[in-house]
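J.: Right, I'll just put the structure down here and ask away after.
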Amino acid sequence: MLRARSRGGLVDLNVTRWKRYGHDRLYANLPDGTAVGWADVKTGEITVLRAEYRDDVIAVLTQHLQSREPAGIPEKTPQKEVRPLLPPLTPADDLAGTPPGDSLRELLDGSGPGLAERVIARLLRRRTEWDSWRKGLAGEKRVGAELNRLARHGWHALHSIRLANNVDVDHLLIGPGGVFSINTKHHHNRAVWVGDDSVKVDHGKPAPYARKSRAEAKRVGRVLERYCPFPVPVEPVLVFVGVTELKVVATQLSVRVYREREVAALAPLTGVLTAAQVEQVYSIARHRQAWIRA
């Protein structure tokens, strides 16, 4: 603490250093903590906040500016961001045991066609929405099985994570190489072409698979970083199941693209999350309450 005389008597001024948001300042404060002036360490400019202490502020701050690197002046500790806490994990909220394709299975169980409808559809060779759900379920089960095999390499796989507005994440893979939001597409006996921002199946109309995968990954990242005190990079992944050909011609694609058996290529990835961070991210991701408002 430095002592300086004001025109009205003896006044003690404390000088503290404050560095935040690109600023580097010295503050002159009264004993009760009231700031009466500050100086920009980079430019040397002094700002007086209380005119009655003008001479004292200029004197004490000038003395410290002349040394440029004041010794013994404590820096204000930046306030830590307060992050929300999840309630204790209960079996009902634990997503670790959710099987691949659980959301599609519920759709089929709840509104799937009856026997008569299935027979008529087959006779007429008419494709239905339920056919798409069944194929999707089969695809998610196949990819989920491949992802579960990566546990021996230090990875955690979660499946069928429900978000708000009837949206779900097919699979989430968490490990030393980061977090991957995985979208499964089942196109049995079809040829798939992948460009920078579009996907075509059998030379059909462009599908926004890549764009939607990127949006999903950002959504997942926002949820995880809401609870984690460190950055959580989330990469989007597209996995195609049952295709006869997968041709990737993109040059600037920001989405990883694999066939179902190729997701094992993620196993050796490291250097993004520490073992402790992997467990912390997984503890959040497996909690159903984290995703309710996602």
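Chains: A, B, ... in order of the structure tokens. Residues: from 1 per chain. Ligands: from 1, in order shown.
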Which neighbours of range 102-105 of chain A fall inside 9 Å, counting only C-alpha atoms, when residues of the same chain fewer than 3 positions from it are skipped, and could you give them as a ChimeraX atom specification?

T.: /A:98-99,108-110,133-134,136-137,159-162,168,170

J.: Print the selection's residues with N, CA, C and O atoms to a file, as a short mmCIF file (atom, residue, chain, number, x, y, z; two decimals), in the first residue's frame.

T.:
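Result went into result07.cif, see below:
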data_model
loop_
_atom_site.label_atom_id
_atom_site.label_comp_id
_atom_site.auth_asym_id
_atom_site.auth_seq_id
_atom_site.Cartn_x
_atom_site.Cartn_y
_atom_site.Cartn_z
N THR A 98 -28.82 -46.64 -23.33
CA THR A 98 -29.76 -46.50 -24.44
C THR A 98 -29.23 -47.21 -25.68
O THR A 98 -28.12 -46.93 -26.13
N PRO A 99 -29.98 -48.12 -26.26
CA PRO A 99 -29.48 -48.85 -27.43
C PRO A 99 -29.53 -48.02 -28.70
O PRO A 99 -30.32 -47.06 -28.79
N LEU A 108 -41.69 -46.89 -34.37
CA LEU A 108 -42.27 -48.08 -34.99
C LEU A 108 -43.24 -48.79 -34.04
O LEU A 108 -44.31 -49.25 -34.45
N ASP A 109 -42.87 -48.85 -32.77
CA ASP A 109 -43.74 -49.52 -31.79
C ASP A 109 -45.03 -48.74 -31.57
O ASP A 109 -46.09 -49.32 -31.35
N GLY A 110 -44.90 -47.39 -31.64
CA GLY A 110 -46.06 -46.58 -31.32
C GLY A 110 -46.98 -46.30 -32.49
O GLY A 110 -48.19 -46.09 -32.31
N TRP A 133 -38.16 -45.84 -41.60
CA TRP A 133 -37.80 -45.98 -40.19
C TRP A 133 -37.10 -47.31 -39.92
O TRP A 133 -36.12 -47.36 -39.17
N ARG A 134 -37.61 -48.39 -40.54
CA ARG A 134 -37.00 -49.70 -40.33
C ARG A 134 -35.57 -49.74 -40.86
O ARG A 134 -34.67 -50.30 -40.24
N GLY A 136 -33.65 -47.13 -41.25
CA GLY A 136 -32.86 -46.28 -40.38
C GLY A 136 -32.47 -46.98 -39.10
O GLY A 136 -31.33 -46.87 -38.62
N LEU A 137 -33.41 -47.74 -38.53
CA LEU A 137 -33.12 -48.49 -37.31
C LEU A 137 -32.02 -49.52 -37.56
O LEU A 137 -31.08 -49.65 -36.76
N HIS A 159 -25.94 -43.35 -27.71
CA HIS A 159 -26.81 -43.52 -28.86
C HIS A 159 -28.18 -42.90 -28.63
O HIS A 159 -28.67 -42.83 -27.51
N SER A 160 -28.76 -42.45 -29.73
CA SER A 160 -30.14 -41.96 -29.74
C SER A 160 -30.38 -40.95 -28.63
O SER A 160 -31.24 -41.12 -27.75
N ILE A 161 -29.64 -39.84 -28.69
CA ILE A 161 -29.78 -38.77 -27.69
C ILE A 161 -30.87 -37.81 -28.15
O ILE A 161 -30.73 -37.16 -29.19
N ARG A 162 -31.91 -37.70 -27.39
CA ARG A 162 -33.05 -36.86 -27.77
C ARG A 162 -32.80 -35.41 -27.37
O ARG A 162 -32.50 -35.12 -26.22
N ASP A 168 -33.05 -35.87 -32.65
CA ASP A 168 -32.15 -36.71 -31.87
C ASP A 168 -30.81 -36.86 -32.58
O ASP A 168 -30.72 -36.74 -33.80
N ASP A 170 -27.98 -39.40 -33.56
CA ASP A 170 -27.89 -40.85 -33.73
C ASP A 170 -26.85 -41.46 -32.79
O ASP A 170 -27.13 -42.44 -32.09
#

J.: Which residue out of A:Ala145, A:Val201, A:Ala157, A:Val169 has the minimum interatomic distance to Asn189 in chain A when only C-alpha atoms are used?

T.: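 When distances to Asn189 in chain A are compared using only C-alpha atoms, the smallest one comes from A:Val201.
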
J.: By how many Å are CA of Thr251 in chain A and CA of Gly139 in chain A apart?

T.: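 Atom-to-atom, CA of Thr251 in chain A to CA of Gly139 in chain A, that is 27.0 Å.
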
J.: For Thr244 in chain A, list every protein, DNA or RNA residue within 9 Å, evaluated using only C-alpha atoms, and leave out those in the same chain fewer than 4 positions away; present the list as a PDB file with N, CA, C and O atoms, in the first residue's frame.

T.:
ATOM      1  N   HIS A 187     -28.601 -46.356 -47.027  1.00  0.00           N
ATOM      2  CA  HIS A 187     -29.025 -46.370 -48.432  1.00  0.00           C
ATOM      3  C   HIS A 187     -28.608 -47.702 -49.043  1.00  0.00           C
ATOM      4  O   HIS A 187     -27.564 -47.808 -49.688  1.00  0.00           O
ATOM      5  N   HIS A 188     -29.417 -48.717 -48.810  1.00  0.00           N
ATOM      6  CA  HIS A 188     -29.072 -50.073 -49.217  1.00  0.00           C
ATOM      7  C   HIS A 188     -28.969 -50.191 -50.743  1.00  0.00           C
ATOM      8  O   HIS A 188     -29.864 -49.783 -51.491  1.00  0.00           O
ATOM      9  N   ASN A 189     -27.835 -50.736 -51.175  1.00  0.00           N
ATOM     10  CA  ASN A 189     -27.574 -50.965 -52.606  1.00  0.00           C
ATOM     11  C   ASN A 189     -27.686 -49.686 -53.441  1.00  0.00           C
ATOM     12  O   ASN A 189     -28.113 -49.733 -54.599  1.00  0.00           O
ATOM     13  N   ARG A 190     -27.303 -48.584 -52.861  1.00  0.00           N
ATOM     14  CA  ARG A 190     -27.325 -47.309 -53.593  1.00  0.00           C
ATOM     15  C   ARG A 190     -25.905 -46.761 -53.680  1.00  0.00           C
ATOM     16  O   ARG A 190     -25.035 -47.069 -52.866  1.00  0.00           O
ATOM     17  N   ALA A 191     -25.680 -45.904 -54.671  1.00  0.00           N
ATOM     18  CA  ALA A 191     -24.389 -45.227 -54.833  1.00  0.00           C
ATOM     19  C   ALA A 191     -24.515 -43.806 -54.280  1.00  0.00           C
ATOM     20  O   ALA A 191     -25.481 -43.100 -54.568  1.00  0.00           O
ATOM     21  N   VAL A 192     -23.526 -43.401 -53.504  1.00  0.00           N
ATOM     22  CA  VAL A 192     -23.567 -42.093 -52.847  1.00  0.00           C
ATOM     23  C   VAL A 192     -22.387 -41.252 -53.304  1.00  0.00           C
ATOM     24  O   VAL A 192     -21.240 -41.722 -53.329  1.00  0.00           O
TER      25      VAL A 192
END

J.: Using only C-alpha atoms, find the one residue out of A:Arg286, A:Lys19, A:His64, A:Arg25 that sits nearest to Leu173 in chain A.

T.: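 Using only C-alpha atoms, Leu173 in chain A sits closest to A:Arg286.
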
J.: Would you list the contacts of Ser283 in chain A as a compact mmCIF listing (two decimals) with N, CA, C and O atoms, in the first residue's frame, taking every protein, DNA or RNA residue within 12 Å and counting only C-alpha atoms, but skipping same-chain residues closer than 3 positions in sequence?

T.:
# COMPACT_ATOMS: atom_id res chain seq x y z
N LEU A 85 -25.11 -26.60 -12.77
CA LEU A 85 -24.82 -27.95 -12.31
C LEU A 85 -25.99 -28.86 -12.63
O LEU A 85 -27.15 -28.46 -12.53
N LEU A 86 -25.67 -30.06 -13.03
CA LEU A 86 -26.71 -31.05 -13.30
C LEU A 86 -27.08 -31.75 -12.00
O LEU A 86 -26.24 -31.91 -11.10
N PRO A 87 -28.31 -32.19 -11.87
CA PRO A 87 -28.70 -32.93 -10.67
C PRO A 87 -27.99 -34.28 -10.64
O PRO A 87 -27.45 -34.73 -11.66
N PRO A 88 -27.97 -34.94 -9.49
CA PRO A 88 -27.34 -36.28 -9.43
C PRO A 88 -27.94 -37.21 -10.48
O PRO A 88 -29.14 -37.20 -10.72
N LEU A 89 -27.07 -38.00 -11.09
CA LEU A 89 -27.51 -38.89 -12.16
C LEU A 89 -28.32 -40.05 -11.57
O LEU A 89 -27.88 -40.74 -10.65
N THR A 90 -29.50 -40.26 -12.13
CA THR A 90 -30.35 -41.38 -11.72
C THR A 90 -30.44 -42.37 -12.87
O THR A 90 -30.16 -42.03 -14.03
N ASP A 93 -32.28 -41.13 -15.89
CA ASP A 93 -31.65 -40.08 -16.69
C ASP A 93 -30.33 -40.52 -17.32
O ASP A 93 -29.69 -39.75 -18.02
N ASP A 94 -29.92 -41.74 -17.08
CA ASP A 94 -28.63 -42.22 -17.60
C ASP A 94 -28.81 -42.76 -19.02
O ASP A 94 -29.52 -43.75 -19.25
N LEU A 95 -28.15 -42.11 -19.97
CA LEU A 95 -28.26 -42.51 -21.38
C LEU A 95 -27.25 -43.59 -21.77
O LEU A 95 -27.25 -44.04 -22.91
N ALA A 96 -26.42 -43.99 -20.82
CA ALA A 96 -25.36 -44.94 -21.16
C ALA A 96 -25.93 -46.27 -21.64
O ALA A 96 -25.29 -46.97 -22.44
N HIS A 156 -16.01 -43.60 -25.41
CA HIS A 156 -17.36 -43.84 -24.92
C HIS A 156 -18.34 -43.55 -26.05
O HIS A 156 -18.24 -42.50 -26.70
N ALA A 157 -19.29 -44.44 -26.27
CA ALA A 157 -20.31 -44.23 -27.30
C ALA A 157 -21.68 -44.11 -26.65
O ALA A 157 -22.04 -44.90 -25.77
N LEU A 158 -22.43 -43.09 -27.05
CA LEU A 158 -23.82 -42.90 -26.62
C LEU A 158 -24.69 -42.92 -27.87
O LEU A 158 -24.26 -42.52 -28.94
N ILE A 174 -17.08 -40.12 -27.69
CA ILE A 174 -16.27 -39.25 -26.83
C ILE A 174 -14.99 -39.98 -26.45
O ILE A 174 -15.04 -41.10 -25.92
N LEU A 224 -22.40 -29.15 -24.35
CA LEU A 224 -21.29 -29.65 -23.55
C LEU A 224 -20.47 -28.52 -22.93
O LEU A 224 -20.06 -28.59 -21.76
N TYR A 227 -21.60 -26.82 -19.63
CA TYR A 227 -21.28 -27.45 -18.35
C TYR A 227 -19.80 -27.69 -18.13
O TYR A 227 -19.37 -27.92 -17.00
N CYS A 228 -18.99 -27.67 -19.19
CA CYS A 228 -17.56 -27.94 -19.08
C CYS A 228 -16.76 -26.64 -18.98
O CYS A 228 -17.01 -25.71 -19.74
N ALA A 276 -8.96 -37.17 -17.99
CA ALA A 276 -9.90 -36.58 -17.04
C ALA A 276 -11.00 -35.80 -17.77
O ALA A 276 -12.17 -35.83 -17.37
N GLN A 277 -10.62 -35.10 -18.84
CA GLN A 277 -11.61 -34.35 -19.61
C GLN A 277 -12.59 -35.28 -20.32
O GLN A 277 -13.78 -34.99 -20.41
N VAL A 278 -12.08 -36.39 -20.82
CA VAL A 278 -12.96 -37.38 -21.47
C VAL A 278 -14.04 -37.83 -20.50
O VAL A 278 -15.23 -37.88 -20.83
N GLU A 279 -13.64 -38.15 -19.27
CA GLU A 279 -14.61 -38.62 -18.28
C GLU A 279 -15.59 -37.53 -17.88
O GLU A 279 -16.77 -37.79 -17.64
N GLN A 280 -15.11 -36.27 -17.82
CA GLN A 280 -16.00 -35.17 -17.46
C GLN A 280 -17.03 -34.93 -18.55
O GLN A 280 -18.22 -34.73 -18.28
N ARG A 286 -23.94 -38.18 -20.89
CA ARG A 286 -24.81 -39.32 -20.58
C ARG A 286 -26.02 -38.91 -19.74
O ARG A 286 -26.91 -39.72 -19.50
N HIS A 287 -26.04 -37.65 -19.30
CA HIS A 287 -27.12 -37.17 -18.43
C HIS A 287 -28.26 -36.61 -19.27
O HIS A 287 -28.10 -35.60 -19.98
N ARG A 288 -29.41 -37.21 -19.22
CA ARG A 288 -30.55 -36.81 -20.04
C ARG A 288 -30.93 -35.34 -19.79
O ARG A 288 -31.34 -34.63 -20.72
N GLN A 289 -30.78 -34.86 -18.57
CA GLN A 289 -31.19 -33.50 -18.23
C GLN A 289 -30.37 -32.44 -18.97
O GLN A 289 -30.83 -31.30 -19.15
N ALA A 290 -29.16 -32.79 -19.40
CA ALA A 290 -28.31 -31.82 -20.11
C ALA A 290 -28.88 -31.48 -21.48
O ALA A 290 -28.62 -30.40 -22.02
